[in-house]
Amino acid sequence: MVASPGPVNGRATPHEARLRGLPRRSPVRPVRRRRPMRQRPVTRHRVPPVSENEQRKSYVMQSQPDDTAKIQACVQSRFAPVAEAYVTSATHAQGADLSHMLALAALCGSEQVLDVATGGGHTALAFAPLVHHVIASDLTWQMLTTARQHITAQGITNVGYCRAPAECLPFAAASFDRVTCRLAAHHFADIQAFVREAAHVMRPDALLLIADHIGLDDPDLDAFMDRFERWRDPSHVRAYTLAEWSSMLTSVGLAIEHSEQRMGEPYEFTSWTARMRMPDAERTNLERWLLEAPAPYRAFFDIIDANGRIISLRSRFGIIMARKSSR
Amino acid sequence: MKGFLKFLVLATVVGAVIFFVLRRFRQDSVFDPAPVSGSAGGNSNLNSGQRRSISPELLEILADPADKGPVELLRDADGKEWLVNRRNGYRYPVEDGIPIMLIEEGEKYKDESLITS
C-alpha cells in the first residue's frame, strides 16, 4: 500500500516524485501572470466513498498563482518519456474524431494551419497533405522531435515545428486560417490564456477546431470522471463542459458553429494505464476504486469487469468548432 | 612506472588528435552554412546540407512570445542560430531546427548589445 502523500509538501510516492521532477532541458519558471481559470472544487461534489489511504490528491488541483509553471512542468515530465507511445497509440492515430475534424475544417488547400500541442503529430500529419503549410507546436521537446520523425517518415515536408506553451503562442497576429487542438486542452494550465492566444493568431473568418474530453453537466458524474482521469494521469487538469467552452470562446470573439459530444471509444484498462506508465500499486488502487463504484456510475461510464478485473470503461469526448468574426 | 609513462604518452597523443579533429570540425561548421542575412524574411538559404532549418513559412510569422513583435534570425560565432528580439535583446535558441519560444529561455540568453531602437 502506498503511503498517502500530502499534495505539495508531504512525502511523495516514487511515481509522484518522478512527475514533479523538472525537465532536464530547461527549467520552467513562472512566467505567466494569469491565474488558471476558476476550477470547480472537486471536493464539493459527492463522490463514491474511498478509504483514507486511497485519497490521492493531485497538486494540480489547487489554484495557486504559480500553478501554471507546476502544471507545465508536470505535463512535460509526463510526456517526455512516453512520446513514442503517443505516436503509436491507436486512439491518437486513428480516432474517428480526427477525420470528423478534417471534414468540419472545410479545407480548400491554401490554408496556413497551426496545430497546438501536437503531441504525436497525428493532427498535423492528417492536415498537412490537404493544406499549404502546418505548424506543429508543443511544450515538450521530446514530443516535437518524435512527431517530426514520424511525420517526415511519411514523406510530409510542409510541416514546421516550434516549441511553445499553448498559453503563450509565439506567432504574429492573424497568421492562421485554421487552429487545431486535439486531445490536449485538458492538460493546459491556463485554458483561458490558450483561447485568447488562439483567437489572436487567427485571421478573420478563421476556424478553431478543438477535440477533447468534455466535462459533464451532472456534478457528481463529472467529479467521478475527473477523478479517474486525473488518477491515471496527474497532468490531466480538467475537462471543460460545452457551456464552459462556449463562454470562454465567446469572450474572445469566437462564435461556436458546431459542437458535439459523445461517449468515447472504450478505454482498454490495461493499455490505458500502461501508456502513462502508471505504477502497479496505483493501478491496483484505481482498479479497486472502479470496481467499488455504485451502479449509476458503472452504467454511465460503461465500466466492464470480469473476474475482479476491470476490462474497460468510457469517458466523454467532443468536438467544438468556432469561427473568428470577419472584421 | 614505465607502464604509467607509456599510458601518459598515449593519452597525450589521443587527446591531441581529438582536439585537432574537434577544432577542424568546428571551423568547418562555422564556415559551412550560408550566412544569415539581417532581415528576418524567409529568403536566406538555410537548407544547406543535413542541417535542419526553420521552414520559411514558420520564420515569416514567428514572433516574440511576450510582446508578439517580430524576431530576427541571427547566427553567432559558433554557427548557432538564435531568434532575436531587437527591442529587448531576448534571444530564443534554435535547437536542431526547432525554435524554442519559451519566454524564460529568451530571458536566459538575453544580450543587450543586440538592442536597436
# chains A, B, ... in the order shown; residues from 1 in each chain; ligands from 1
call {"tool": "residues_around", "arguments": {"residues": "stretch 250-259 of chain A", "least_positions_apart": "4", "cutoff": "7 Å", "atoms": "only C-alpha atoms", "output": "list in words"}}
result
Arg196, Ala199, Ser246, Ile319, Ile320, Met321, Ala322, Arg323, Lys324 and Ser325 of chain A
call {"tool": "closest_atom_pairs", "arguments": {"of": "chain B", "to": "chain A", "cutoff": "7 Å", "atoms": "only C-alpha atoms", "output": "JSON lines"}}
result
{"residue": "B:Ile54", "atom": "CA", "partner": "A:Gly160", "partner_atom": "CA", "distance": 6.9}
{"residue": "B:Ser55", "atom": "CA", "partner": "A:Gly160", "partner_atom": "CA", "distance": 5.8}
{"residue": "B:Leu58", "atom": "CA", "partner": "A:Gly160", "partner_atom": "CA", "distance": 6.2}
{"residue": "B:Ile61", "atom": "CA", "partner": "A:Ala172", "partner_atom": "CA", "distance": 5.4}
{"residue": "B:Leu62", "atom": "CA", "partner": "A:Phe171", "partner_atom": "CA", "distance": 4.6}
{"residue": "B:Ala63", "atom": "CA", "partner": "A:Phe171", "partner_atom": "CA", "distance": 4.6}
{"residue": "B:Asp64", "atom": "CA", "partner": "A:Pro170", "partner_atom": "CA", "distance": 5.5}
{"residue": "B:Pro65", "atom": "CA", "partner": "A:Pro170", "partner_atom": "CA", "distance": 4.1}
{"residue": "B:Lys68", "atom": "CA", "partner": "A:Ala172", "partner_atom": "CA", "distance": 5.9}
{"residue": "B:Gly69", "atom": "CA", "partner": "A:Ala172", "partner_atom": "CA", "distance": 6.9}
{"residue": "B:Ile98", "atom": "CA", "partner": "A:Cys162", "partner_atom": "CA", "distance": 5.4}
{"residue": "B:Pro99", "atom": "CA", "partner": "A:Cys162", "partner_atom": "CA", "distance": 5.3}
{"residue": "B:Ile100", "atom": "CA", "partner": "A:Arg163", "partner_atom": "CA", "distance": 4.9}
{"residue": "B:Met101", "atom": "CA", "partner": "A:Ala164", "partner_atom": "CA", "distance": 5.2}
{"residue": "B:Leu102", "atom": "CA", "partner": "A:Ala164", "partner_atom": "CA", "distance": 5.8}
{"residue": "B:Glu104", "atom": "CA", "partner": "A:Arg29", "partner_atom": "CA", "distance": 6.8}
call {"tool": "write_last_selection", "arguments": {"atoms": "N, CA, C and O atoms", "output": "mmCIF file, in the first residue's frame"}}
result
data_model
loop_
_atom_site.group_PDB
_atom_site.id
_atom_site.type_symbol
_atom_site.label_atom_id
_atom_site.label_comp_id
_atom_site.auth_asym_id
_atom_site.auth_seq_id
_atom_site.Cartn_x
_atom_site.Cartn_y
_atom_site.Cartn_z
ATOM 1 N N ILE B 54 14.708 26.076 -39.990
ATOM 2 C CA ILE B 54 13.343 26.536 -39.767
ATOM 3 C C ILE B 54 12.681 26.734 -41.118
ATOM 4 O O ILE B 54 13.279 27.304 -42.022
ATOM 5 N N SER B 55 11.454 26.288 -41.285
ATOM 6 C CA SER B 55 10.804 26.470 -42.578
ATOM 7 C C SER B 55 10.515 27.958 -42.777
ATOM 8 O O SER B 55 10.209 28.670 -41.833
ATOM 9 N N LEU B 58 7.361 29.260 -41.341
ATOM 10 C CA LEU B 58 7.371 29.458 -39.887
ATOM 11 C C LEU B 58 8.125 30.735 -39.530
ATOM 12 O O LEU B 58 7.651 31.543 -38.729
ATOM 13 N N ILE B 61 6.232 34.121 -39.721
ATOM 14 C CA ILE B 61 5.200 34.525 -38.756
ATOM 15 C C ILE B 61 5.664 34.393 -37.311
ATOM 16 O O ILE B 61 4.918 34.757 -36.403
ATOM 17 N N LEU B 62 6.876 33.890 -37.089
ATOM 18 C CA LEU B 62 7.344 33.757 -35.709
ATOM 19 C C LEU B 62 7.412 35.128 -35.046
ATOM 20 O O LEU B 62 7.838 36.111 -35.653
ATOM 21 N N ALA B 63 7.018 35.176 -33.789
ATOM 22 C CA ALA B 63 7.038 36.425 -33.046
ATOM 23 C C ALA B 63 7.559 36.151 -31.641
ATOM 24 O O ALA B 63 7.563 35.006 -31.181
ATOM 25 N N ASP B 64 7.995 37.201 -30.987
ATOM 26 C CA ASP B 64 8.404 37.043 -29.597
ATOM 27 C C ASP B 64 7.153 36.672 -28.788
ATOM 28 O O ASP B 64 6.131 37.343 -28.913
ATOM 29 N N PRO B 65 7.215 35.612 -27.984
ATOM 30 C CA PRO B 65 6.005 35.200 -27.267
ATOM 31 C C PRO B 65 5.507 36.256 -26.277
ATOM 32 O O PRO B 65 4.328 36.275 -25.949
ATOM 33 N N LYS B 68 4.889 39.785 -28.877
ATOM 34 C CA LYS B 68 4.287 39.413 -30.162
ATOM 35 C C LYS B 68 4.867 40.187 -31.346
ATOM 36 O O LYS B 68 4.310 40.169 -32.441
ATOM 37 N N GLY B 69 5.979 40.871 -31.094
ATOM 38 C CA GLY B 69 6.630 41.593 -32.183
ATOM 39 C C GLY B 69 7.549 40.654 -32.953
ATOM 40 O O GLY B 69 7.825 39.538 -32.521
ATOM 41 N N ILE B 98 14.480 23.509 -34.504
ATOM 42 C CA ILE B 98 13.213 23.814 -33.832
ATOM 43 C C ILE B 98 13.405 25.022 -32.910
ATOM 44 O O ILE B 98 14.207 24.962 -31.982
ATOM 45 N N PRO B 99 12.694 26.117 -33.180
ATOM 46 C CA PRO B 99 12.822 27.282 -32.298
ATOM 47 C C PRO B 99 12.214 27.002 -30.916
ATOM 48 O O PRO B 99 11.132 26.435 -30.819
ATOM 49 N N ILE B 100 12.950 27.403 -29.892
ATOM 50 C CA ILE B 100 12.483 27.207 -28.517
ATOM 51 C C ILE B 100 11.900 28.535 -28.052
ATOM 52 O O ILE B 100 12.613 29.407 -27.576
ATOM 53 N N MET B 101 10.608 28.705 -28.221
ATOM 54 C CA MET B 101 9.992 30.004 -27.977
ATOM 55 C C MET B 101 9.375 30.077 -26.570
ATOM 56 O O MET B 101 8.177 30.313 -26.414
ATOM 57 N N LEU B 102 10.209 29.865 -25.582
ATOM 58 C CA LEU B 102 9.760 29.983 -24.191
ATOM 59 C C LEU B 102 10.350 31.281 -23.646
ATOM 60 O O LEU B 102 11.559 31.502 -23.768
ATOM 61 N N GLU B 104 11.143 32.258 -20.790
ATOM 62 C CA GLU B 104 12.249 32.107 -19.836
ATOM 63 C C GLU B 104 13.567 31.773 -20.541
ATOM 64 O O GLU B 104 14.641 32.149 -20.070
#
call {"tool": "closest_residue", "arguments": {"among": "B:Ile103, B:Glu60, B:Val13, B:Arg52", "to": "B:Lys80", "atoms": "only C-alpha atoms"}}
result
B:Arg52
call {"tool": "select_by_dssp", "arguments": {"residues": "stretch 60-260 of chain A", "states": "alpha helix (DSSP H)", "output": "MDAnalysis selection string"}}
result
chainID A and resid 67:79 83:88 90:94 96:105 122:127 141:153 191:201 219:232 242:251
call {"tool": "select_by_dssp", "arguments": {"residues": "stretch 139-196 of chain A", "states": "strand (DSSP E)", "output": "list in words"}}
result
Val159, Gly160, Tyr161, Cys162, Arg163, Phe176, Asp177, Arg178, Val179, Thr180, Cys181 and Arg182 of chain A
call {"tool": "write_last_selection", "arguments": {"atoms": "N, CA, C and O atoms", "output": "short mmCIF file (atom, residue, chain, number, x, y, z; two decimals), in the first residue's frame"}}
result
data_model
loop_
_atom_site.label_atom_id
_atom_site.label_comp_id
_atom_site.auth_asym_id
_atom_site.auth_seq_id
_atom_site.Cartn_x
_atom_site.Cartn_y
_atom_site.Cartn_z
N VAL A 159 5.50 20.77 -42.98
CA VAL A 159 5.19 20.97 -41.56
C VAL A 159 6.40 21.61 -40.88
O VAL A 159 7.53 21.15 -41.05
N GLY A 160 6.16 22.69 -40.14
CA GLY A 160 7.20 23.33 -39.34
C GLY A 160 6.96 23.04 -37.87
O GLY A 160 5.82 22.79 -37.48
N TYR A 161 8.03 23.06 -37.09
CA TYR A 161 7.90 22.67 -35.68
C TYR A 161 8.38 23.80 -34.79
O TYR A 161 9.34 24.50 -35.11
N CYS A 162 7.72 23.94 -33.65
CA CYS A 162 8.04 25.05 -32.78
C CYS A 162 7.71 24.68 -31.34
O CYS A 162 6.63 24.14 -31.06
N ARG A 163 8.65 24.93 -30.44
CA ARG A 163 8.39 24.61 -29.03
C ARG A 163 7.81 25.85 -28.33
O ARG A 163 8.47 26.89 -28.27
N PHE A 176 -3.07 32.57 -39.06
CA PHE A 176 -3.55 31.23 -39.42
C PHE A 176 -5.01 31.22 -39.86
O PHE A 176 -5.84 31.99 -39.37
N ASP A 177 -5.29 30.28 -40.80
CA ASP A 177 -6.66 30.08 -41.27
C ASP A 177 -7.38 29.02 -40.45
O ASP A 177 -8.60 29.02 -40.34
N ARG A 178 -6.60 28.07 -39.90
CA ARG A 178 -7.19 27.04 -39.03
C ARG A 178 -6.25 26.84 -37.84
O ARG A 178 -5.02 26.75 -38.03
N VAL A 179 -6.84 26.77 -36.66
CA VAL A 179 -6.06 26.39 -35.48
C VAL A 179 -6.71 25.13 -34.92
O VAL A 179 -7.92 25.10 -34.69
N THR A 180 -5.92 24.09 -34.78
CA THR A 180 -6.46 22.83 -34.27
C THR A 180 -5.82 22.50 -32.92
O THR A 180 -4.70 22.93 -32.62
N CYS A 181 -6.55 21.75 -32.14
CA CYS A 181 -6.03 21.31 -30.84
C CYS A 181 -6.80 20.06 -30.46
O CYS A 181 -7.98 20.13 -30.14
N ARG A 182 -6.12 18.92 -30.55
CA ARG A 182 -6.84 17.66 -30.35
C ARG A 182 -6.27 16.91 -29.15
O ARG A 182 -5.06 16.73 -29.03
#
call {"tool": "atom_distance", "arguments": {"atom1": "atom CA of A:Ser247", "atom2": "atom CA of A:Ile214"}}
result
14.3 Å
call {"tool": "residues_around", "arguments": {"residues": "A:Glu229", "least_positions_apart": "5", "cutoff": "9 Å", "atoms": "only C-alpha atoms", "output": "MDAnalysis selection string"}}
result
chainID A and resid 224 234 236 238 315
call {"tool": "residues_around", "arguments": {"residues": "A:Ile303", "least_positions_apart": "5", "cutoff": "9 Å", "atoms": "only C-alpha atoms", "output": "MDAnalysis selection string"}}
result
chainID A and resid 266 290:291 297:298 310:314
call {"tool": "residues_around", "arguments": {"residues": "A:Arg277", "least_positions_apart": "5", "cutoff": "10 Å", "atoms": "only C-alpha atoms", "output": "VMD selection string"}}
result
chain A and resid 15 78 81 to 82 232 to 233 271 to 272 283
call {"tool": "closest_residue", "arguments": {"among": "B:Thr116, B:Arg87, B:Leu59, B:Pro93", "to": "B:Arg75", "atoms": "only C-alpha atoms"}}
result
B:Pro93
call {"tool": "atom_distance", "arguments": {"atom1": "atom CA of A:Arg316", "atom2": "atom CA of A:Ala206"}}
result
26.8 Å
